[in-house]
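J.: To start, I am sharing the structure in question, which I have written as structure tokens.
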Amino acid sequence: MPDPLIDLHTHSSVSDGTERPADLVRAASSAGLDALALTDHDTTAGWDEAIATARTLPMTLLPGLELSTRIGYRSVHVLGYLVDPTHPELVAETQRIREGRVDRAMRMVERIARDHPVSWQDVIAQASPGATIGRPHIADALVAAGLEADRSAAFRGILHPAAGYYEPHEAPSPLAGVELIRAAGGVPVIAHPAASTRGIVLDERALEDLVEAGLGGLEVDHRENLTHGKRVLLDWADRYGLFVTGSSDYHGTGKPNRLGEHRTAERAFRTIVASATGSEPVVGDGSRLTV
């Protein structure tokens with residue numbers, strides 16, 4: 001029997017993807033995935049819809065989120081799998097991050113509007129009801145206004161820090177993020193740590209602190225991780241006893257990433273499931289990846 005196809009990093013329209021959680025889960029099943037993680041930015045609001053859909057399909061769902069953290073001006077994203085979505089500290093922190101993200105987006109749009117014909121209402125029009133507005137929605141508004149060709153072009157152009165409109169958003173440290181995910185019963189993994197736009201986002205000393213705090217793994221197979229960075233990450237994983245994952249970071253039409261383009265080994269998947277205490281995987285009808 002072939003190895004199961006497991007993709008542990010995807011986004012729905014609840015954050016900055018373009019598909020509703022139910023449609024994302026159906027798309028993953030149609031793509032032949034055996035397991036999927038829903039990891040919207042700083043929110044679990046899409047879980048109920050995704051879970052209800054996954055139960056009807058021959059696949060397994062790991063509910064999760066992607067927590068925003070920062071080291072100075074450098075963004076570090078921490079994937080949290082199978083957290084308790086009602087954990088008070090997690091709920092409070094993610095709400096604070098989302099509110100800060102909206103305030104920051106409003107300030108960026110105000111500056112952009114001085115030079116380009118785009119408004120806050122244009123940005124709101126690009127977001128699904130209830131979604132936390134962020135830079136991807138600004139990018140979509142720029143595309144709709146004919147100012148950029150697509151999201152990727154917007155991030156290379158008007159939304160690039162060099163253009164002068166960018167500002168960082170408030171977020172906890174990666175150490176606080178890992179500790180929070182563990183406190184909520186989840187399993188933390190650093191997302192795309194060697195992305196080409198940033199280099200490796202952590203030094204080894206910082207990694208040691210995260211491992212001590214309960215870091216579970218590193219997302220190595222990701223289209224934005226550079227080859228040299230992947231070698232460093234694999235060395236760290238071996239040295240510190242971390243598992244590695246591979247994921248698409250799928251955003252629907254918001255990014256060129258395709259479901260299942262990078263995958264996670266079943267062993268890592270089962271390590272996550274065995275280590276989590278915050279919530280349970282959802283095994284759909286006929287799934288061959290049981291837990």
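Convention: chains lettered A, B, ... in structure tokens order; per-chain residue numbering from 1; ligands numbered from 1 as shown.
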Using only C-alpha atoms, I'd like a table of the residues in stretch 121-185 of chain A that come within 12 Å of stretch 70-86 of chain A; for each, show the closest atom pair and its distance in Å rounded to one decimal, ordered by chain and ascending number, as a tab-separated table.
T.:
residue	atom	partner	partner_atom	distance
A:Pro161	CA	A:Tyr73	CA	11.0
A:Tyr166	CA	A:Tyr73	CA	11.2
A:Glu167	CA	A:Tyr73	CA	9.0
A:Pro168	CA	A:Tyr73	CA	6.5
A:His169	CA	A:Arg70	CA	8.7
A:Glu170	CA	A:Arg70	CA	7.8
A:Ala171	CA	A:Arg70	CA	5.8
A:Pro172	CA	A:Arg70	CA	6.1
A:Ser173	CA	A:Arg70	CA	5.1
A:Pro174	CA	A:Arg70	CA	6.3
A:Leu175	CA	A:Arg70	CA	9.5
A:Ala176	CA	A:Arg70	CA	9.9
A:Gly177	CA	A:Val78	CA	7.0
A:Val178	CA	A:Val78	CA	7.2
A:Glu179	CA	A:Gly80	CA	10.7
A:Leu180	CA	A:Gly80	CA	9.4
A:Ile181	CA	A:Gly80	CA	6.0
A:Arg182	CA	A:Val83	CA	7.9
A:Ala183	CA	A:Val83	CA	8.6
A:Ala184	CA	A:Asp84	CA	5.3
A:Gly185	CA	A:Val83	CA	5.1
J.: Tell me, in Å to one decimal, how far atom CA of A:Ala37 is from atom CA of A:Leu61.
T.: 5.7 Å
J.: Applying 12 Å and only C-alpha atoms, which residues near A:Gly229 remain after dropping the ones on its own chain fewer than 3 positions away? List them as a ChimeraX atom specification.
T.: /A:192-203,218-226,232-236
J.: Neighbours of stretch 250-263 of chain A within 7 Å (only C-alpha atoms; same-chain residues fewer than 2 positions away dropped), as a PyMOL selection string?
T.: chain A and resi 5-7+9-12+16-19+28+33+151+221-222+245-248+265
J.: Mind writing the picked residues with N, CA, C and O atoms as a PDB file, in the first residue's frame?
T.:
ATOM      1  N   LEU A   5      -0.950  10.282   1.871  1.00  0.00           N
ATOM      2  CA  LEU A   5      -0.629  11.643   1.446  1.00  0.00           C
ATOM      3  C   LEU A   5      -1.123  12.616   2.512  1.00  0.00           C
ATOM      4  O   LEU A   5      -2.333  12.728   2.751  1.00  0.00           O
ATOM      5  N   ILE A   6      -0.194  13.322   3.143  1.00  0.00           N
ATOM      6  CA  ILE A   6      -0.498  14.144   4.319  1.00  0.00           C
ATOM      7  C   ILE A   6       0.021  15.560   4.094  1.00  0.00           C
ATOM      8  O   ILE A   6       1.218  15.759   3.870  1.00  0.00           O
ATOM      9  N   ASP A   7      -0.860  16.541   4.172  1.00  0.00           N
ATOM     10  CA  ASP A   7      -0.504  17.959   3.984  1.00  0.00           C
ATOM     11  C   ASP A   7      -0.928  18.704   5.253  1.00  0.00           C
ATOM     12  O   ASP A   7      -2.121  18.803   5.549  1.00  0.00           O
ATOM     13  N   HIS A   9      -0.434  22.029   6.315  1.00  0.00           N
ATOM     14  CA  HIS A   9      -0.390  23.501   6.385  1.00  0.00           C
ATOM     15  C   HIS A   9      -1.248  24.057   5.260  1.00  0.00           C
ATOM     16  O   HIS A   9      -0.828  24.126   4.108  1.00  0.00           O
ATOM     17  N   THR A  10      -2.469  24.472   5.603  1.00  0.00           N
ATOM     18  CA  THR A  10      -3.379  25.058   4.613  1.00  0.00           C
ATOM     19  C   THR A  10      -4.190  26.177   5.253  1.00  0.00           C
ATOM     20  O   THR A  10      -4.338  26.226   6.480  1.00  0.00           O
ATOM     21  N   HIS A  11      -4.735  27.049   4.405  1.00  0.00           N
ATOM     22  CA  HIS A  11      -5.496  28.204   4.873  1.00  0.00           C
ATOM     23  C   HIS A  11      -6.827  28.310   4.141  1.00  0.00           C
ATOM     24  O   HIS A  11      -6.903  28.055   2.934  1.00  0.00           O
ATOM     25  N   SER A  12      -7.835  28.719   4.871  1.00  0.00           N
ATOM     26  CA  SER A  12      -9.160  28.947   4.298  1.00  0.00           C
ATOM     27  C   SER A  12      -9.457  30.437   4.275  1.00  0.00           C
ATOM     28  O   SER A  12      -8.650  31.261   4.720  1.00  0.00           O
ATOM     29  N   ASP A  16      -6.543  34.034   5.264  1.00  0.00           N
ATOM     30  CA  ASP A  16      -6.176  34.641   3.986  1.00  0.00           C
ATOM     31  C   ASP A  16      -6.213  33.679   2.819  1.00  0.00           C
ATOM     32  O   ASP A  16      -5.624  33.951   1.765  1.00  0.00           O
ATOM     33  N   GLY A  17      -6.900  32.548   2.966  1.00  0.00           N
ATOM     34  CA  GLY A  17      -7.153  31.689   1.824  1.00  0.00           C
ATOM     35  C   GLY A  17      -8.363  32.197   1.046  1.00  0.00           C
ATOM     36  O   GLY A  17      -9.015  33.164   1.441  1.00  0.00           O
ATOM     37  N   THR A  18      -8.666  31.548  -0.050  1.00  0.00           N
ATOM     38  CA  THR A  18      -9.783  31.997  -0.893  1.00  0.00           C
ATOM     39  C   THR A  18     -10.959  31.029  -0.894  1.00  0.00           C
ATOM     40  O   THR A  18     -11.972  31.310  -1.536  1.00  0.00           O
ATOM     41  N   GLU A  19     -10.868  29.899  -0.183  1.00  0.00           N
ATOM     42  CA  GLU A  19     -11.939  28.915  -0.151  1.00  0.00           C
ATOM     43  C   GLU A  19     -12.491  28.765   1.266  1.00  0.00           C
ATOM     44  O   GLU A  19     -11.736  28.813   2.240  1.00  0.00           O
ATOM     45  N   ALA A  28      -9.197  19.052  -0.834  1.00  0.00           N
ATOM     46  CA  ALA A  28      -8.118  18.172  -0.391  1.00  0.00           C
ATOM     47  C   ALA A  28      -8.468  16.713  -0.636  1.00  0.00           C
ATOM     48  O   ALA A  28      -7.631  15.916  -1.083  1.00  0.00           O
ATOM     49  N   LEU A  33      -5.699  13.543  -0.961  1.00  0.00           N
ATOM     50  CA  LEU A  33      -5.030  13.588   0.336  1.00  0.00           C
ATOM     51  C   LEU A  33      -5.714  12.666   1.343  1.00  0.00           C
ATOM     52  O   LEU A  33      -6.937  12.586   1.394  1.00  0.00           O
ATOM     53  N   ARG A 151      -1.515  38.670  -6.264  1.00  0.00           N
ATOM     54  CA  ARG A 151      -1.037  38.810  -4.890  1.00  0.00           C
ATOM     55  C   ARG A 151       0.489  38.806  -4.812  1.00  0.00           C
ATOM     56  O   ARG A 151       1.092  39.610  -4.095  1.00  0.00           O
ATOM     57  N   ASP A 221      10.073  20.663   4.196  1.00  0.00           N
ATOM     58  CA  ASP A 221       9.683  20.610   2.789  1.00  0.00           C
ATOM     59  C   ASP A 221       8.564  21.611   2.530  1.00  0.00           C
ATOM     60  O   ASP A 221       7.386  21.345   2.784  1.00  0.00           O
ATOM     61  N   HIS A 222       8.959  22.773   2.032  1.00  0.00           N
ATOM     62  CA  HIS A 222       8.066  23.890   1.741  1.00  0.00           C
ATOM     63  C   HIS A 222       8.690  24.636   0.583  1.00  0.00           C
ATOM     64  O   HIS A 222       9.909  24.828   0.529  1.00  0.00           O
ATOM     65  N   THR A 245       8.322  18.137   8.901  1.00  0.00           N
ATOM     66  CA  THR A 245       7.083  18.047   8.134  1.00  0.00           C
ATOM     67  C   THR A 245       7.288  18.628   6.746  1.00  0.00           C
ATOM     68  O   THR A 245       8.248  19.355   6.481  1.00  0.00           O
ATOM     69  N   GLY A 246       6.364  18.307   5.869  1.00  0.00           N
ATOM     70  CA  GLY A 246       6.313  18.887   4.535  1.00  0.00           C
ATOM     71  C   GLY A 246       4.888  19.277   4.237  1.00  0.00           C
ATOM     72  O   GLY A 246       3.955  18.519   4.534  1.00  0.00           O
ATOM     73  N   SER A 247       4.702  20.467   3.688  1.00  0.00           N
ATOM     74  CA  SER A 247       3.349  20.996   3.539  1.00  0.00           C
ATOM     75  C   SER A 247       3.257  21.934   2.351  1.00  0.00           C
ATOM     76  O   SER A 247       4.269  22.461   1.867  1.00  0.00           O
ATOM     77  N   SER A 248       2.030  22.167   1.914  1.00  0.00           N
ATOM     78  CA  SER A 248       1.819  23.028   0.752  1.00  0.00           C
ATOM     79  C   SER A 248       1.736  24.499   1.112  1.00  0.00           C
ATOM     80  O   SER A 248       2.090  25.358   0.313  1.00  0.00           O
ATOM     81  N   ALA A 265       5.572  12.815   6.422  1.00  0.00           N
ATOM     82  CA  ALA A 265       5.632  11.366   6.608  1.00  0.00           C
ATOM     83  C   ALA A 265       4.639  10.932   7.681  1.00  0.00           C
ATOM     84  O   ALA A 265       4.350  11.673   8.640  1.00  0.00           O
TER      85      ALA A 265
END
J.: Would you pick out the contacts of stretch 42-53 of chain A at 9 Å or less, using only C-alpha atoms, so that residues sharing its chain but fewer than 4 positions from it are not included, and give the list as number ranges by chain?
T.: A: 12-15, 20-26, 38, 57, 61-68, 85, 91, 93-95, 97-98, 130-132, 282, 284
J.: May I have the residues within 10 Å of A:Gly157 as a list in words, using only C-alpha atoms and disregarding those fewer than 5 positions away in the same chain?
T.: Ala139, Leu147, Glu148, Arg151, Ser152, Ala162 and Ala163 of chain A
J.: In Å, with one decimal, what is the gap from atom CA of A:Ser287 to atom CA of A:Met59?
T.: 4.4 Å
J.: Run DSSP on the backbone and grab whatever in stretch 62-276 of chain A lands in strand (DSSP E); send it over as a ChimeraX atom specification.
T.: /A:62-71,74-81,187-190,217-221,243-246
